[in-house]
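Visitor: File name query_9.txt; file contents compact mmCIF, C-alpha atoms; full text below.
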# COMPACT_ATOMS: atom_id res chain seq x y z
CA MET A 1330 0.00 0.00 0.00
CA PRO A 1331 1.75 3.22 -1.12
CA GLN A 1332 1.95 6.05 1.35
CA SER A 1333 1.89 9.72 0.55
CA VAL A 1334 5.01 11.80 1.02
CA GLY A 1335 3.42 13.58 3.95
CA GLN A 1336 2.81 10.31 5.76
CA VAL A 1337 6.37 9.17 5.14
CA VAL A 1338 7.77 12.46 6.49
CA ALA A 1339 5.48 12.32 9.53
CA THR A 1340 6.53 8.75 10.28
CA PHE A 1341 10.20 9.65 9.85
CA ARG A 1342 9.91 12.61 12.23
CA LYS A 1343 8.09 10.50 14.82
CA GLU A 1344 10.70 7.74 14.69
CA TYR A 1345 13.66 10.15 14.55
CA ALA A 1346 12.40 11.85 17.72
CA LYS A 1347 13.26 8.59 19.53
CA THR A 1348 16.91 8.85 18.43
CA PRO A 1349 19.39 9.55 21.26
CA ARG A 1350 20.73 13.10 21.47
CA LYS A 1351 24.35 12.13 20.79
CA LEU A 1352 23.33 10.53 17.49
CA LYS A 1353 21.42 13.67 16.52
CA ILE A 1354 24.59 15.72 17.14
CA ILE A 1355 26.57 13.32 14.96
CA ASP A 1356 23.88 13.64 12.28
CA ALA A 1357 24.31 17.43 12.38
CA PHE A 1358 28.04 16.96 11.75
CA LEU A 1359 27.18 14.67 8.84
CA VAL A 1360 24.88 17.26 7.29
CA SER A 1361 27.48 20.01 7.68
CA SER A 1362 30.19 17.87 6.11
CA LEU A 1363 27.94 16.90 3.21
CA MET A 1364 26.93 20.52 2.63
CA SER A 1365 30.58 21.59 2.71
CA ALA A 1366 31.42 19.03 0.01
CA VAL A 1367 28.45 20.14 -2.11
CA VAL A 1368 29.43 23.82 -1.83
CA GLN A 1369 33.03 23.03 -2.79
CA PHE A 1370 31.90 20.97 -5.78
CA LEU A 1371 29.50 23.69 -6.96
CA TYR A 1372 32.24 26.30 -6.55
CA MET A 1373 34.54 24.14 -8.68
CA LEU A 1374 31.86 23.86 -11.37
CA ILE A 1375 31.21 27.62 -11.42
CA VAL A 1376 34.69 29.07 -10.96
CA GLY A 1377 36.97 26.31 -12.22
CA THR A 1378 39.73 24.14 -10.86
CA PHE A 1379 42.80 26.37 -11.11
CA PRO A 1380 44.41 25.24 -7.86
CA PHE A 1381 43.34 21.65 -8.48
CA ASN A 1382 45.29 20.23 -5.51
CA SER A 1383 43.51 22.65 -3.19
CA PHE A 1384 40.10 21.64 -4.53
CA LEU A 1385 40.91 17.94 -4.21
CA ALA A 1386 42.29 18.39 -0.71
CA GLY A 1387 39.22 20.29 0.50
CA PHE A 1388 36.73 18.01 -1.21
CA LEU A 1389 38.43 14.80 -0.06
CA SER A 1390 38.71 16.24 3.45
CA SER A 1391 34.94 16.75 3.54
CA VAL A 1392 34.21 13.32 2.09
CA GLY A 1393 36.73 11.63 4.40
CA PHE A 1394 35.30 13.44 7.42
CA PHE A 1395 31.81 12.30 6.35
CA VAL A 1396 32.90 8.66 6.06
CA LEU A 1397 34.70 8.69 9.41
CA THR A 1398 31.71 10.31 11.09
CA VAL A 1399 29.38 7.65 9.66
CA CYS A 1400 31.72 5.03 11.15
CA LEU A 1401 31.56 6.79 14.52
CA ARG A 1402 27.76 6.92 14.34
CA MET A 1403 27.61 3.19 13.62
CA GLN A 1404 29.87 2.41 16.59
CA VAL A 1405 28.08 4.55 19.19
CA ASN A 1406 24.55 3.61 18.09
CA PRO A 1407 23.08 1.57 20.99
CA ASN A 1408 20.73 -0.25 18.57
CA ASN A 1409 23.63 -1.66 16.53
CA PRO A 1410 24.50 -5.10 17.96
CA GLU A 1411 27.56 -5.44 15.72
CA PHE A 1412 29.50 -2.93 17.84
CA ALA A 1413 28.00 -3.74 21.23
CA ASP A 1414 31.42 -4.55 22.72
CA VAL A 1415 32.99 -1.22 21.61
CA SER A 1416 32.82 1.51 24.24
CA ASP A 1417 31.90 5.07 23.27
CA GLU A 1418 35.29 6.31 24.50
CA SER A 1419 37.17 3.80 22.35
CA ALA A 1420 35.07 4.66 19.30
CA PHE A 1421 35.66 8.39 19.84
CA PHE A 1422 39.42 7.85 20.27
CA ASP A 1423 39.52 5.90 16.99
CA TYR A 1424 37.54 8.71 15.35
CA VAL A 1425 39.88 11.44 16.58
CA LEU A 1426 43.00 9.49 15.63
CA SER A 1427 41.61 8.76 12.15
CA ASN A 1428 40.70 12.42 11.64
CA VAL A 1429 44.19 13.54 12.65
CA LEU A 1430 45.68 11.13 10.14
CA LEU A 1431 43.21 12.21 7.43
CA HIS A 1432 43.96 15.88 7.90
CA LEU A 1433 47.74 15.31 7.99
CA VAL A 1434 47.39 13.68 4.57
CA VAL A 1435 45.14 16.52 3.36
CA PHE A 1436 47.60 19.20 4.54
CA ASN A 1437 50.42 17.36 2.83
CA PHE A 1438 48.39 17.11 -0.40
CA ILE A 1439 47.61 20.85 -0.54
CA GLY A 1440 51.24 21.44 -1.35
As structure tokens, what does this structure read like?
Guide:
Amino acid sequence: MPQSVGQVVATFRKEYAKTPRKLKIIDAFLVSSLMSAVVQFLYMLIVGTFPFNSFLAGFLSSVGFFVLTVCLRMQVNPNNPEFADVSDESAFFDYVLSNVLLHLVVFNFIG
């Protein structure tokens, strides 16, 4: 039975309201990272890619940050039984360490 878009949105909002606050904060980081990548890509389409290394570094930094944040969200989600034995502190430490490594590579790539 197909549902209207309004019903789908209402159901999503009702279910998302049950999401823990820390996951909502992580989701906000995900949206900001995605929007940053979209803005950089649109800027590249409009203006051009003169400093191509700078564009790639910024874009890959946003995409890498997005991927690492999704991994963090998966690990701290209490409803995910796959990572039940991983503590939040351990997941956050892995996240911070991975981001430091990512951004060292990005800074090196800028040239």
Visitor: Residues within 7 Å of Ala1386 (chain A), please, as a list in words. Count only C-alpha atoms; anything in the same chain fewer than 3 positions from it doesn't count.
Guide: Asn1382, Ser1383, Leu1389, Ser1390, Val1435, Phe1438 and Ile1439 of chain A
Visitor: Figure out the distance between CA of Phe1384 (chain A) and CA of Leu1371 (chain A), please, to one decimal in Å.
Guide: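 Between CA of Leu1371 (chain A) and CA of Phe1384 (chain A) the gap works out to 11.1 Å.
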Visitor: Report as an mmCIF file with C-alpha atoms, keeping the file's coordinate frame all protein, DNA and RNA residues lying within 8 Å of region 1426-1431 of chain A, evaluated on all atoms listed in the file, omitting residues in the same chain fewer than 2 positions from it.
Guide:
data_model
loop_
_atom_site.group_PDB
_atom_site.id
_atom_site.type_symbol
_atom_site.label_atom_id
_atom_site.label_comp_id
_atom_site.auth_asym_id
_atom_site.auth_seq_id
_atom_site.Cartn_x
_atom_site.Cartn_y
_atom_site.Cartn_z
ATOM 1 C CA SER A 1390 38.710 16.240 3.450
ATOM 2 C CA GLY A 1393 36.730 11.630 4.400
ATOM 3 C CA PHE A 1394 35.300 13.440 7.420
ATOM 4 C CA LEU A 1397 34.700 8.690 9.410
ATOM 5 C CA PHE A 1422 39.420 7.850 20.270
ATOM 6 C CA ASP A 1423 39.520 5.900 16.990
ATOM 7 C CA TYR A 1424 37.540 8.710 15.350
ATOM 8 C CA LEU A 1433 47.740 15.310 7.990
ATOM 9 C CA VAL A 1434 47.390 13.680 4.570
ATOM 10 C CA VAL A 1435 45.140 16.520 3.360
#
Visitor: Which residue gives the smallest distance to Asn1437 (chain A) among A:Leu1385, A:Val1367, A:Val1415, A:Val1337, with only C-alpha atoms counted?
Guide: A:Leu1385
Visitor: Name the closest residue to Lys1351 (chain A) among the candidates A:His1432, A:Pro1410, A:Ile1375, A:Met1403; distances are taken between atoms, counting all atoms listed in the file.
Guide: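 Going through A:His1432, A:Pro1410, A:Ile1375, A:Met1403 one by one, the smallest distance to Lys1351 (chain A) is for A:Met1403.
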Visitor: Have a look at CA of Gln1332 (chain A) and CA of Lys1347 (chain A) and let me know their distance in Å, one decimal.
Guide: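 These two atoms are separated by 21.6 Å.
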Visitor: Which residue is closest to Val1392 (chain A)? Choose from A:Lys1353, A:Pro1407, A:Ala1366, A:Ala1339 and count all atoms listed in the file.
Guide: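 So, comparing all the options, the nearest one is A:Ala1366.
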Visitor: Tell me, as a short mmCIF file (atom, residue, chain, number, x, y, z; two decimals) with C-alpha atoms, keeping the file's coordinate frame, which residues lie within 7 Å of Arg1402 (chain A), counting all atoms listed in the file; anything in the same chain fewer than 4 positions away does not count.
Guide:
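Final output, part_15.cif:
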data_model
loop_
_atom_site.label_atom_id
_atom_site.label_comp_id
_atom_site.auth_asym_id
_atom_site.auth_seq_id
_atom_site.Cartn_x
_atom_site.Cartn_y
_atom_site.Cartn_z
CA LEU A 1352 23.33 10.53 17.49
CA ILE A 1355 26.57 13.32 14.96
CA THR A 1398 31.71 10.31 11.09
CA ASN A 1406 24.55 3.61 18.09
#
Visitor: A:Phe1381, A:Phe1388, A:Phe1395, A:Phe1370: which is nearest Ala1357 (chain A), counting all atoms listed in the file?
Guide: A:Phe1395
Visitor: Take every atom of region 1341-1347 of chain A listed in the file, pad by 5 Å on each side, and give me the axis-aligned box centre and edge lengths in Å, one decimal, as JSON.
Guide:
{"center_x": 10.9, "center_y": 10.2, "center_z": 14.7, "size_x": 15.6, "size_y": 14.9, "size_z": 19.7}
Visitor: Could you check which of A:Phe1421, A:Val1334, A:Phe1358, A:Gly1387 is closest to Tyr1372 (chain A), using all atoms listed in the file?
Guide: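 Counting all atoms listed in the file, the residue closest to Tyr1372 (chain A) is A:Gly1387.
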